[in-house]
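Q: Have a look at the structure that comes next, please.
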Amino acid sequence: MIQGTTSDAGKSALVTGLCRVLARRGLRVAPFKPQNMALNSAVTCDGGEIGRAQALQALAAGIEAHTDMNPVLLKPNSDTGAQVIIQGHAVGNMNARSYHDYKVVAKRAVLESYRRLQSRYDVVLVEGAGSPAEINLRAKDIANMGFAEAVDAPVLLVADIDRGGVFAHLVGTLALLSNSERRRIKGMVINRFRGDLALLQPGLDWLEQKTGKPVNGVLPFLHGLHLDGEDSLSRRDSIASSDTALNVILPALPHLSNHTDIDPLNLHAQVNLQFVPAGQDMPAADLIILPGSKSVRADLAWLRKHHWQDAIHKHLRYGGRVLGICGGYQMLGKAIHDPLGVEGTAGSCAGLGLLDIETTLETGKQLRNVSGQLLSDGAAINGYEIHVGVTSGPGLQHAFAQLGTRCDGAVSADKKIIGTYLHGLFENGEACRSLLAWAGLEDIQHADYRQRREMDIERLADAVEQHLDIRFIDRLLGSDHVSAGYSAAGS
């Protein structure tokens, strides 16, 4: 099990890298995260929903993503509440206290899923959540040491040196654990190191002497590495030329979900992409994207409060384009109805009125992986749907895409506005090129997002092999497979 001293210490990245390292040496390996809190999710082969990071780790392992890989997913819908998803399917909304009591049920699902993976794979690589030293969350813990103790898993503790305080993070975390938990930690990994390792060595020697634990690796800072974000917004310095680039802006919605939809644009050399937070003036743009939302009506009210509705109308008058994805698509319609209070207080609200559609939120979530073609030019498209809304209205007669026997989305009569339920639509090179052309970009450079993601997984795995003591990992696994792989490879 990989645990971290903080959130974003490198747990997800290390599990991803190890999945690829072990898989390319012939092991059947599966990722596992007992409990995840994230608004970025993916649809699995068995028709459920898991955290995006575990789907990426499954890809690194060369297997299909399955709901057993993330049996508990919490999707926050307020500061104190979340939708609770067990083994891929929502069981309801709970506040923090209610979920704490529910953990007894959740733990059974966690152990059930873990045992199934154990029976099918040679290795299960487990990712913790946050930090194991959160004292207030120790009771009924299923995310970190509570799980490790239940299944007798050895633990590596990872810390991020780039954010500072790495020695305090490691020593402090160990100090706050119980004796049995401290014994369970077999080693430490320092992540995102820049500079001369010789200058760090005295600190490593002190750390090993102080804690009695070995430092099993110092992973370098990998500049430009892109992995699917689990929750935080992905950012990069713009590499596009200002005079030729397509300028794309998105509102930084309070309940923004599945923002990984725009990762291919964030990495495209001809796109300047910017999230616009509350209170910031909206820059001129060629394309406005309204992204997914976990609380559509609340985020629509946020848009109005911060004058996005007027800005969008002005943007369209000047010839700009608007794309709404999932919740953003629902906002583009005439009304959103929530008669059952699925996302909050029951009721209805007016939409932006840009598409002749209405959406009614229902309790049953629609989860599916899909493929088809754009109706505008026949470009291939594939992606996935995760939504609770059912959309109807005359606007659907002008659909966006054909998905087998059914259609998706809506396009305005002047073709300036597109709404779609498809997540991941920019990952397909054909569809991405078509949409960039629609938005006004000329002389579009070829960009293969999936190839880039694969190259980054390989790059990460190479770094893990080079800088982590893989033979130590082999001993923790109690297996000769990894060492045998190294011998065969001449390492």
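Note on naming: chains are A, B, ... as they come in the structure tokens, residues start from 1 per chain, ligands start from 1 in the order shown.
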Compile the contact shell of Asp160 in chain A as a PDB file with N, CA and C atoms, in the first residue's frame: residues with an atom at most 7 Å away, counting only C-alpha atoms, same-chain residues fewer than 4 positions apart removed.

A:
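Contents of part-v4.pdb, as written:
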```pdb
ATOM      1  N   ALA A   9       0.727  14.173  -2.483  1.00  0.00           N
ATOM      2  CA  ALA A   9       2.138  13.891  -2.214  1.00  0.00           C
ATOM      3  C   ALA A   9       2.777  13.066  -3.326  1.00  0.00           C
ATOM      4  N   GLY A  10       1.948  12.374  -4.110  1.00  0.00           N
ATOM      5  CA  GLY A  10       2.468  11.543  -5.184  1.00  0.00           C
ATOM      6  C   GLY A  10       1.994  10.111  -5.134  1.00  0.00           C
ATOM      7  N   VAL A 166       9.649  18.391   3.875  1.00  0.00           N
ATOM      8  CA  VAL A 166       9.525  16.947   3.660  1.00  0.00           C
ATOM      9  C   VAL A 166       9.950  16.145   4.888  1.00  0.00           C
ATOM     10  N   ILE A 190      10.683   9.784  -1.311  1.00  0.00           N
ATOM     11  CA  ILE A 190      10.623  11.239  -1.478  1.00  0.00           C
ATOM     12  C   ILE A 190      10.345  11.525  -2.943  1.00  0.00           C
ATOM     13  N   ASN A 191       9.366  12.363  -3.171  1.00  0.00           N
ATOM     14  CA  ASN A 191       8.875  12.623  -4.523  1.00  0.00           C
ATOM     15  C   ASN A 191       9.196  14.047  -4.961  1.00  0.00           C
ATOM     16  N   ARG A 192       9.322  14.242  -6.275  1.00  0.00           N
ATOM     17  CA  ARG A 192       9.475  15.551  -6.939  1.00  0.00           C
ATOM     18  C   ARG A 192      10.736  16.292  -6.470  1.00  0.00           C
TER      19      ARG A 192
END
```

Q: Which of range 51-125 of chain A counts as alpha helix (DSSP H) under DSSP, as a ChimeraX atom specification please?

A: /A:52-61,96-120

Q: Out of range 213-306 of chain A, which residues get strand (DSSP E or B) from DSSP, as a VMD selection string?

A: chain A and resid 215 to 220 246 to 251 256 to 257 271 to 276 287 to 290 292 to 293

Q: Determine, counting only C-alpha atoms, which protein, DNA and RNA residues have an atom within 9 Å of an atom of Gly389 in chain A; residues of the same chain fewer than 5 positions away are not included. Present the result as a ChimeraX atom specification.

A: /A:326-327,330,336,359-366

Q: Kindly save the residues from that selection, with C-alpha atoms included, as a CSV table (one decimal), in the first residue's frame.

A:
```
chain,number,residue,atom,x,y,z
A,326,CYS,CA,-22.9,17.6,-19.4
A,327,GLY,CA,-24.0,20.0,-16.6
A,330,GLN,CA,-28.1,21.4,-19.2
A,336,ILE,CA,-33.7,22.8,-15.3
A,359,THR,CA,-33.7,19.0,-18.4
A,360,THR,CA,-35.3,17.1,-15.6
A,361,LEU,CA,-33.0,15.6,-12.9
A,362,GLU,CA,-33.8,12.0,-11.9
A,363,THR,CA,-32.4,9.7,-9.3
A,364,GLY,CA,-31.1,7.1,-11.7
A,365,LYS,CA,-27.6,8.0,-13.0
A,366,GLN,CA,-26.8,7.2,-16.6
```

Q: Have a look at A:Ala175, A:Leu227, A:Leu354, A:Val215 and name the one nearest to Met455 in chain A; count only C-alpha atoms.

A: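 Among the listed residues, A:Leu227 lies closest to Met455 in chain A.
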
Q: Closest to Ile444 in chain A among A:Val271, A:Ala284, A:Ala401, A:Ala159, using only C-alpha atoms?

A: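 Checking each candidate against Ile444 in chain A, we get A:Val271 as the closest.
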
Q: Given only C-alpha atoms as the basis, pick out the residue of A:Val189, A:Val342, A:Leu403, A:Leu219 nearest to Lys294 in chain A.

A: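 Using only C-alpha atoms, Lys294 in chain A sits closest to A:Val342.
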
Q: Using only C-alpha atoms, tabulate the residues of range 111-206 of chain A lying at most 12 Å from any atom of range 77-90 of chain A, each with its closest atom pair and that distance in Å to one decimal, by chain and increasing residue number, as a Markdown table.

A:
```
| residue | atom | partner | partner_atom | distance |
| --- | --- | --- | --- | --- |
| A:Leu111 | CA | A:Gln87 | CA | 11.1 |
| A:Glu112 | CA | A:Gln87 | CA | 9.7 |
| A:Ser113 | CA | A:Gln87 | CA | 7.8 |
| A:Tyr114 | CA | A:Gln87 | CA | 11.0 |
```

Q: Fewer than 4 positions away in the same chain doesn't count, so skip those; otherwise give me all residues within 9 Å of Arg433 in chain A, counting only C-alpha atoms, as a list of chain:residue names.

A: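 The residues satisfying every condition are A:Ala379, A:Phe426, A:Asn428, A:Gly429, A:Ala437, A:Trp438, A:Ile444, A:Gln445, A:His446, A:Ala447.
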
Q: Which one of A:Glu358, A:Asp443, A:Glu181, A:Asp141 sits closest to Leu156 in chain A if you count only C-alpha atoms?

A: A:Glu181

Q: Could you give me, as a PyMOL selection string, the residues within 12 Å of Gly378 in chain A, counting only C-alpha atoms and dropping anything in the same chain fewer than 2 positions from it?

A: chain A and resi 372-376+380-381+400-403+430-431+433-435

Q: For N, CA and C atoms, I'd like the residues from the last selection saved as a PDB file, in the first residue's frame.

A:
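And here's result_35.pdb as it stands now:
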```
ATOM      1  N   GLY A 372     -19.152   6.878 -31.635  1.00  0.00           N
ATOM      2  CA  GLY A 372     -19.995   7.210 -32.775  1.00  0.00           C
ATOM      3  C   GLY A 372     -19.306   8.213 -33.658  1.00  0.00           C
ATOM      4  N   GLN A 373     -20.087   9.157 -34.202  1.00  0.00           N
ATOM      5  CA  GLN A 373     -19.510  10.152 -35.090  1.00  0.00           C
ATOM      6  C   GLN A 373     -20.240  11.476 -34.944  1.00  0.00           C
ATOM      7  N   LEU A 374     -19.527  12.552 -35.256  1.00  0.00           N
ATOM      8  CA  LEU A 374     -20.134  13.868 -35.257  1.00  0.00           C
ATOM      9  C   LEU A 374     -21.040  13.991 -36.471  1.00  0.00           C
ATOM     10  N   LEU A 375     -22.207  14.557 -36.285  1.00  0.00           N
ATOM     11  CA  LEU A 375     -23.146  14.698 -37.390  1.00  0.00           C
ATOM     12  C   LEU A 375     -22.733  15.813 -38.343  1.00  0.00           C
ATOM     13  N   SER A 376     -21.864  16.713 -37.906  1.00  0.00           N
ATOM     14  CA  SER A 376     -21.442  17.828 -38.755  1.00  0.00           C
ATOM     15  C   SER A 376     -20.536  17.381 -39.897  1.00  0.00           C
ATOM     16  N   ALA A 380     -14.933  10.698 -36.168  1.00  0.00           N
ATOM     17  CA  ALA A 380     -15.110   9.690 -35.123  1.00  0.00           C
ATOM     18  C   ALA A 380     -15.035  10.341 -33.750  1.00  0.00           C
ATOM     19  N   ILE A 381     -15.876   9.851 -32.847  1.00  0.00           N
ATOM     20  CA  ILE A 381     -15.900  10.382 -31.489  1.00  0.00           C
ATOM     21  C   ILE A 381     -16.168   9.248 -30.518  1.00  0.00           C
ATOM     22  N   PHE A 400     -25.984  16.717 -31.998  1.00  0.00           N
ATOM     23  CA  PHE A 400     -24.531  16.920 -32.100  1.00  0.00           C
ATOM     24  C   PHE A 400     -23.823  15.689 -32.643  1.00  0.00           C
ATOM     25  N   ALA A 401     -24.190  14.501 -32.147  1.00  0.00           N
ATOM     26  CA  ALA A 401     -23.478  13.276 -32.513  1.00  0.00           C
ATOM     27  C   ALA A 401     -24.445  12.110 -32.641  1.00  0.00           C
ATOM     28  N   GLN A 402     -24.054  11.158 -33.473  1.00  0.00           N
ATOM     29  CA  GLN A 402     -24.779   9.903 -33.622  1.00  0.00           C
ATOM     30  C   GLN A 402     -24.018   8.831 -32.872  1.00  0.00           C
ATOM     31  N   LEU A 403     -24.666   8.195 -31.892  1.00  0.00           N
ATOM     32  CA  LEU A 403     -24.029   7.164 -31.077  1.00  0.00           C
ATOM     33  C   LEU A 403     -24.796   5.867 -31.282  1.00  0.00           C
ATOM     34  N   GLU A 430      -9.621  12.958 -34.148  1.00  0.00           N
ATOM     35  CA  GLU A 430     -10.530  13.415 -35.205  1.00  0.00           C
ATOM     36  C   GLU A 430     -11.553  14.396 -34.653  1.00  0.00           C
ATOM     37  N   ALA A 431     -12.185  14.016 -33.558  1.00  0.00           N
ATOM     38  CA  ALA A 431     -13.205  14.879 -32.967  1.00  0.00           C
ATOM     39  C   ALA A 431     -12.591  16.181 -32.476  1.00  0.00           C
ATOM     40  N   ARG A 433      -9.946  17.747 -33.606  1.00  0.00           N
ATOM     41  CA  ARG A 433      -9.642  18.595 -34.758  1.00  0.00           C
ATOM     42  C   ARG A 433     -10.912  19.247 -35.304  1.00  0.00           C
ATOM     43  N   SER A 434     -11.983  18.473 -35.402  1.00  0.00           N
ATOM     44  CA  SER A 434     -13.239  18.997 -35.919  1.00  0.00           C
ATOM     45  C   SER A 434     -13.771  20.120 -35.032  1.00  0.00           C
ATOM     46  N   LEU A 435     -13.720  19.934 -33.721  1.00  0.00           N
ATOM     47  CA  LEU A 435     -14.243  20.938 -32.793  1.00  0.00           C
ATOM     48  C   LEU A 435     -13.374  22.189 -32.762  1.00  0.00           C
TER      49      LEU A 435
END
```

Q: Using Å and a single decimal, report how far CA of Ser41 in chain A sits from CA of Tyr384 in chain A.

A: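 CA of Ser41 in chain A lies at a distance of 10.1 Å from CA of Tyr384 in chain A.
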
Q: So that I can check the surroundings of Gly47 in chain A, please list as a list in words every protein, DNA and RNA residue that reaches within 9 Å of it, counting only C-alpha atoms and ignoring chain neighbours fewer than 5 positions away.

A: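 Counting only C-alpha atoms, the residues come to His66, Thr67, Gly88, His89, Leu367, Arg368 and Asn369 of chain A.
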